Amino acid sequence: MRSQVLRDSARGEECTVQIVGVCNYQSETTVLAHLPDESKGMGKKADDFSACYSCSACHDALDRRVRSGALESECEWYMRRAMTRTIRRLYEKNLITIKGAK
C-alpha cells in the first residue's frame with residue numbers, strides 16, 4: 001500500500017519517534033519513515049501503513065545509519081510508540097478513518 005497523501009502528510013510534523021539523546025526535534029526534516037513488517041522483502045520497503053513521522057536524526061537511527069545506545073536496547077518500543085502516535089495523528093488529520101470511532 002502506497003499513498004502519496006500519507007507521505008506528504010509528514011511535512012512539517014513533529015517527530016513521533018523521539019529517541020532520547022538522538023531526536024533533533026526539527027519538524028522541517030520530518031518524513032514518513034517505514035518500519036519493518038511482513039510486507040517488507042528483499043529490496044522492498046514496508047508499506048505506508050507500517051510507518052511513522054520521523055525527524056532526520058531518528059530516521060538515521062531507525063535505519064541503522066547511525067548507532068544509538070538508546071535505540072539498541074528499546075528499538076521495538078520506540079517503533080511501536082511512534083507508529084501508534086502517527087496513526088493517531090493521521091486520524092486527527094482525517095487522512096484515515098476508523099469505522100464506528102467517536
# chains A, B, ... in the order shown; residues from 1 in each chain; ligands from 1
$ select_by_dssp --residues "stretch 2-98 of chain A" --states "strand (DSSP E)" --output "list in words"
Val31, Leu32, Ala33, His34, Ala51, Cys52, Tyr53 and Ser54 of chain A
$ write_last_selection --atoms "N, CA and C atoms" --output "mmCIF file, in the first residue's frame"
data_model
loop_
_atom_site.group_PDB
_atom_site.id
_atom_site.type_symbol
_atom_site.label_atom_id
_atom_site.label_comp_id
_atom_site.auth_asym_id
_atom_site.auth_seq_id
_atom_site.Cartn_x
_atom_site.Cartn_y
_atom_site.Cartn_z
ATOM 1 N N VAL A 31 9.922 13.071 7.839
ATOM 2 C CA VAL A 31 9.426 12.302 6.696
ATOM 3 C C VAL A 31 8.607 11.122 7.227
ATOM 4 N N LEU A 32 7.885 10.453 6.343
ATOM 5 C CA LEU A 32 7.192 9.221 6.703
ATOM 6 C C LEU A 32 8.215 8.093 6.581
ATOM 7 N N ALA A 33 8.723 7.631 7.709
ATOM 8 C CA ALA A 33 9.756 6.591 7.740
ATOM 9 C C ALA A 33 9.093 5.220 7.846
ATOM 10 N N HIS A 34 9.533 4.283 7.024
ATOM 11 C CA HIS A 34 8.964 2.944 7.015
ATOM 12 C C HIS A 34 9.605 2.072 8.082
ATOM 13 N N ALA A 51 4.524 2.708 9.185
ATOM 14 C CA ALA A 51 5.401 3.869 9.083
ATOM 15 C C ALA A 51 5.138 4.834 10.229
ATOM 16 N N CYS A 52 6.012 5.807 10.346
ATOM 17 C CA CYS A 52 5.859 6.824 11.388
ATOM 18 C C CYS A 52 6.465 8.130 10.904
ATOM 19 N N TYR A 53 6.103 9.212 11.587
ATOM 20 C CA TYR A 53 6.707 10.512 11.322
ATOM 21 C C TYR A 53 8.050 10.536 12.049
ATOM 22 N N SER A 54 9.119 10.734 11.302
ATOM 23 C CA SER A 54 10.451 10.692 11.907
ATOM 24 C C SER A 54 11.321 11.842 11.419
#
$ closest_atom_pairs --of "stretch 12-38 of chain A" --to "stretch 84-89 of chain A" --cutoff "9 Å" --atoms "only C-alpha atoms" --output "JSON lines"
{"residue": "A:Cys15", "atom": "CA", "partner": "A:Thr86", "partner_atom": "CA", "distance": 8.9}
{"residue": "A:Thr16", "atom": "CA", "partner": "A:Arg85", "partner_atom": "CA", "distance": 6.0}
{"residue": "A:Val17", "atom": "CA", "partner": "A:Arg85", "partner_atom": "CA", "distance": 8.5}
$ write_last_selection --atoms "C-alpha atoms" --output "short mmCIF file (atom, residue, chain, number, x, y, z; two decimals), in the first residue's frame"
data_model
loop_
_atom_site.label_atom_id
_atom_site.label_comp_id
_atom_site.auth_asym_id
_atom_site.auth_seq_id
_atom_site.Cartn_x
_atom_site.Cartn_y
_atom_site.Cartn_z
CA CYS A 15 8.77 13.57 15.11
CA THR A 16 6.81 10.72 16.72
CA VAL A 17 9.90 8.59 17.39
#
$ closest_residue --among "A:Ser27, A:Asp37, A:Asp47, A:Val22" --to "A:Ser9" --atoms "only C-alpha atoms"
A:Ser27
$ atom_distance --atom1 "atom CA of A:Trp77" --atom2 "atom CA of A:Asp60"
16.8 Å
$ atom_distance --atom1 "atom CA of A:Glu13" --atom2 "atom CA of A:Asp63"
19.5 Å
$ atom_distance --atom1 "atom CA of A:Arg2" --atom2 "atom CA of A:Phe49"
8.2 Å
$ select_by_dssp --residues "chain A" --states "helix (DSSP H, G or I)" --output "ChimeraX atom specification"
/A:4-8,27-29,56-62,69-92
$ closest_residue --among "A:Ser50, A:Leu71, A:Ile19, A:Leu6" --to "A:Tyr91" --atoms "only C-alpha atoms"
A:Leu6
$ residues_around --residues "A:Ser56" --least-positions-apart "3" --cutoff "7 Å" --atoms "only C-alpha atoms" --output "NGL selection string"
:A and (29-30 or 59-60)
$ closest_residue --among "A:Lys93, A:Glu28, A:Asp48, A:Val20" --to "A:Glu72" --atoms "only C-alpha atoms"
A:Val20
